[in-house]
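Colleague: One structure, pasted below without further comment.
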Amino acid sequence: MIKRYSREEISKIWELESKFSYYLRVELAVVEAYYRLGQIPKEAYEHILKTAKFSVFEIDEIEKTVNHDVIAFLTCVNNYVGEKYSGYIHKGLTSSDVIDTAFALQVKDSADIILKDLDTLLETLKTLAFKYKDTMCIGRSHGIGAEVITFGFKLLNWYDMFERAKYRLEHALSDILRGQISGPVGTYSNIEPEIETLTCEILGLKPAKISTQVIARDAHAAYISALSLIGCAIENVAVEIRHLQRWEVAEVEEGFKKGQKGSSAMPHKKNPISGENLSGLSRILRANSLAAMENITLWHERDISHSSVERVIFPDSNILTDYMLTRLNSTLENLVLKPQNMLKNIGKYGDIIFSQSCLLKLVDKGMTREAAYEIVQSEAMDAFNGVCHKENFKENMRNHLSDAEIEECFNYQKYLRNIDKIFKRFE
């Protein structure tokens with residue numbers, strides 16, 4: 001079983017204590033790069049590694065005066081390191097070198113959790129798809145009964161969708177997991193590109209090919225968009241479950257644990273609360289993707305209009321995506337299927353869903369398609385509307401087809417003859 005992650009784990013990545021821990025990782029990686037290139041004495045490097053630390057409380061107190069979180073952080077760290085060696089910290093850097101590189105590390109650790117969530121969900125969907133491969137239900141278009149499919153086929157479509165969602169996330173990560181150590185406007189005016197290359201290698205990131213004072217925000221927008229598309233996929237499943245749980249359909253329902261209650265007024269109620277919750281949260285992810293796109297345009301080489309936005313949308317979007325994937329997986333694992341109701345819905349109005357099969361049979365017998373369509377449509381609508389008590393389409397079609405032809409046309413299995421071929425694509 002793939003390890004499950006809690007919301008608390010991903011939330012910690014975005015806490016203030018963690019943010020400054022990522023900052024310190026970047027600063028120490030730069031110090032190590034300088035040392036490995038012979039530009040910092042060994043005793044200074046070892047002293048910095050031993051003494052460099054921070055206190056969130058102390059940073060907060062310093063920031064009240066300097067009104068700059070990175071300067072407050074550096075001042076705090078340098079107070080622990082001491083004057084003798086503090087000059088080696090942040091040497092040739094600008095604040096965004098630290099912020100953007102640390103930000104990439106936060107994204108990386110969050111994405112690791114989300115990718116594991118996706119693997120868990122994919123495993124659940126695939127297992128359920130094969131379990132219900134032959135469980136017949138009605139396929140619908142425009143919300144109206146169309147032809148027979150299987151519930152496993154429906155699940156396999158969801159599996160395919162989440163595979164694409166995972167691919168998009170991985171592709172977005174290849175752009176956003178980049179660091180920059182390039183100085184005030186990205187020209188390496190007081191630091192060499194070799195320091196950036198080695199720092200990123202130490203941190204497990206790729207160096208940005210070019211940066212201004214920040215890494216371009218289109219990569220960040222692509223990442224948030226990938227998360228929002230995961231949310232769209234989640235909502236797709238959630239809305240389908242909500243529709244299928246309606247009393248008029250009643251083919252599936254969310255699990256209902258002992259002691260659970262659905263309404264303060266109506267004891268009979270069992271509501272699709274998980275699906276409704278997920279549908280609502282997906283709206284937040286989509287809204288955040290728009291905010292991320294707005295962040296792409298900055299003044300000249302940099303302004304900080306993106307910063308305040310990212311402090312909201314990145315923690316929220318990553319934490320929400322983790323929560324939503326975990327909750328959807330739990331919903332699917334506890335989903336209750338009602339195969340008898342599925343069969344009942346397939347057979348409504350005397351198997352009206354076999355209309356195309358009857359149409360093709362009449363054409364095969366030599367009738368024009370237009371004439372055959374008119375006959376079948378008339379008999380189908382009579383069955384649907386109960387005209388002259390003709391609620392049974394199959395019986396209506398006996399006026400036009402022999403008993404043998406009726407049995408051939410009204411055969412559920414003919415719709416499923418290629419299901420195995422489709423499933424083989426996912427083995």
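Residue names in the structure tokens use chain letters A, B, ... in the order shown, residue numbers from 1 in each chain, and ligand numbers from 1 in the order shown.
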Residues of region 182-274 of chain A that have any atom at most 12 Å from an atom of region 132-139 of chain A: could you tabulate them with the shortest-distance atom pair and the distance in Å to one decimal, using only C-alpha atoms, ordered by chain and increasing number, as JSON lines?

Modeller:
{"residue": "A:Glu240", "atom": "CA", "partner": "A:Gly139", "partner_atom": "CA", "distance": 11.8}
{"residue": "A:Leu244", "atom": "CA", "partner": "A:Cys137", "partner_atom": "CA", "distance": 10.8}
{"residue": "A:Val249", "atom": "CA", "partner": "A:Ile138", "partner_atom": "CA", "distance": 10.4}
{"residue": "A:Ala250", "atom": "CA", "partner": "A:Cys137", "partner_atom": "CA", "distance": 11.6}
{"residue": "A:Glu251", "atom": "CA", "partner": "A:Cys137", "partner_atom": "CA", "distance": 8.4}
{"residue": "A:Val252", "atom": "CA", "partner": "A:Cys137", "partner_atom": "CA", "distance": 10.8}

Colleague: Env of Gly204 (chain A): 10 Å cut, atoms = only C-alpha atoms, seq-sep filter 2 positions within chain, self excluded. Answer as a list in words.

Modeller: Leu105, Lys108, Leu177, Arg178, Gly179, Leu198, Thr199, Cys200, Glu201, Ile202, Lys206 and Pro207 of chain A

Colleague: What are the DSSP alpha helix (DSSP H) residues of region 141-248 of chain A, as number ranges by chain?

Modeller: A: 151-176, 193-203, 218-245

Colleague: Nearest to Lys365 (chain A): which of A:Glu163, A:Glu333, A:Glu379, A:Glu405 is it, counting only C-alpha atoms?

Modeller: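 Nearest candidate to Lys365 (chain A) out of A:Glu163, A:Glu333, A:Glu379, A:Glu405: A:Glu405.
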
Colleague: May I have all residues of region 116-334 of chain A that DSSP, computed from the backbone, assigns to strand (DSSP E), given as a PyMOL selection string?

Modeller: chain A and resi 136-141+144-150+178-179+206-207+252-253

Colleague: Return the single residue from A:Ala216, A:Val309, A:Leu121, A:Ile195 that is closest to Ala233 (chain A), with distances computed using only C-alpha atoms.

Modeller: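 The answer is A:Leu121, which sits nearest to Ala233 (chain A).
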
Colleague: Which residues are close to Gly386 (chain A), i.e. within 12 Å by only C-alpha atoms, leaving aside same-chain residues fewer than 5 positions away? Reply as a list in words.

Modeller: Lys348, Tyr349, Gly350, Ser378, Glu379, Ala380, Met381, Glu391, Asn392, Phe393 and Asn396 of chain A

Colleague: Once you count only C-alpha atoms, what closest atom pair and distance in Å to one decimal does each residue of region 187-237 of chain A within 12 Å of region 283-303 of chain A have, with rows by chain and rising residue number, as a Markdown table?

Modeller:
| residue | atom | partner | partner_atom | distance |
| --- | --- | --- | --- | --- |
| A:Thr187 | CA | A:Glu301 | CA | 11.1 |
| A:Ile210 | CA | A:Glu301 | CA | 11.7 |
| A:Ser211 | CA | A:Glu301 | CA | 8.7 |
| A:Thr212 | CA | A:Glu301 | CA | 5.2 |
| A:Gln213 | CA | A:Arg302 | CA | 5.8 |
| A:Val214 | CA | A:Arg302 | CA | 6.5 |
| A:Ile215 | CA | A:Arg302 | CA | 9.4 |
| A:Ala216 | CA | A:Ile296 | CA | 7.1 |
| A:Arg217 | CA | A:Ile296 | CA | 4.7 |
| A:Asp218 | CA | A:Ile296 | CA | 5.5 |
| A:Ala219 | CA | A:Ile296 | CA | 8.8 |
| A:His220 | CA | A:Ala292 | CA | 6.9 |
| A:Ala221 | CA | A:Ala292 | CA | 4.7 |
| A:Ala222 | CA | A:Met293 | CA | 8.2 |
| A:Tyr223 | CA | A:Ser289 | CA | 8.7 |
| A:Ile224 | CA | A:Ser289 | CA | 5.4 |
| A:Ser225 | CA | A:Ser289 | CA | 5.0 |
| A:Ala226 | CA | A:Ser289 | CA | 8.5 |
| A:Leu227 | CA | A:Leu285 | CA | 7.0 |
| A:Ser228 | CA | A:Leu285 | CA | 4.8 |
| A:Leu229 | CA | A:Arg286 | CA | 7.7 |
| A:Ile230 | CA | A:Leu285 | CA | 8.9 |
| A:Gly231 | CA | A:Leu285 | CA | 6.4 |
| A:Cys232 | CA | A:Arg286 | CA | 7.9 |
| A:Ala233 | CA | A:Arg286 | CA | 11.5 |
| A:Ile234 | CA | A:Leu285 | CA | 11.1 |
| A:Glu235 | CA | A:Arg283 | CA | 9.1 |

Colleague: At a cut-off of 10 Å, using only C-alpha atoms, what residues contact Lys19 (chain A)? Leave out same-chain residues fewer than 5 positions from it and give the result as a PyMOL selection string.

Modeller: chain A and resi 12-14+24-25+99+102-103+105-106

Colleague: With only C-alpha atoms as the counted atoms, please give the residues lying no more than 10 Å from Glu123 (chain A), apart from itself and same-chain residues fewer than 3 positions off, as a PyMOL selection string.

Modeller: chain A and resi 1-2+117-120+126-129+159+329

Colleague: So how many Å separate CA of Glu27 (chain A) and CA of Ser95 (chain A), to one decimal?

Modeller: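 Straight-line distance from CA of Glu27 (chain A) to CA of Ser95 (chain A) works out to 10.6 Å.
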
Colleague: Give me, as a list in words, all polymer residues having an atom no more than 8 Å from Thr331 (chain A), counting only C-alpha atoms and skipping those fewer than 6 positions away in the same chain.

Modeller: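 Those residues are Glu254, Gly255 and Ser274 of chain A.
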
Colleague: With N, CA and C atoms retained, write the just-selected residues as a PDB file, in the first residue's frame.

Modeller:
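Output (selection.pdb):
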ATOM      1  N   GLU A 254     -22.482   7.794  -1.600  1.00  0.00           N
ATOM      2  CA  GLU A 254     -21.314   7.893  -0.731  1.00  0.00           C
ATOM      3  C   GLU A 254     -21.529   7.028   0.508  1.00  0.00           C
ATOM      4  N   GLY A 255     -20.426   6.513   1.032  1.00  0.00           N
ATOM      5  CA  GLY A 255     -20.519   5.720   2.253  1.00  0.00           C
ATOM      6  C   GLY A 255     -21.135   6.526   3.388  1.00  0.00           C
ATOM      7  N   SER A 274     -19.437  14.774   0.563  1.00  0.00           N
ATOM      8  CA  SER A 274     -18.041  14.793   0.126  1.00  0.00           C
ATOM      9  C   SER A 274     -17.938  15.373  -1.279  1.00  0.00           C
TER      10      SER A 274
END

Colleague: Using only C-alpha atoms, which protein or nucleic acid residues come within 10 Å of region 71-81 of chain A? Drop anything in the same chain fewer than 3 positions from it, and give the result as a VMD selection string.

Modeller: chain A and resid 20 23 to 24 27 44 47 to 68 84 to 90 95

Colleague: Using only C-alpha atoms, which of the listed residues (A:Asn190, A:His400, A:Phe130, A:Lys269) sits closest to Glu427 (chain A)?

Modeller: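 Looking at the shortest contact to Glu427 (chain A), the residue is A:Phe130.
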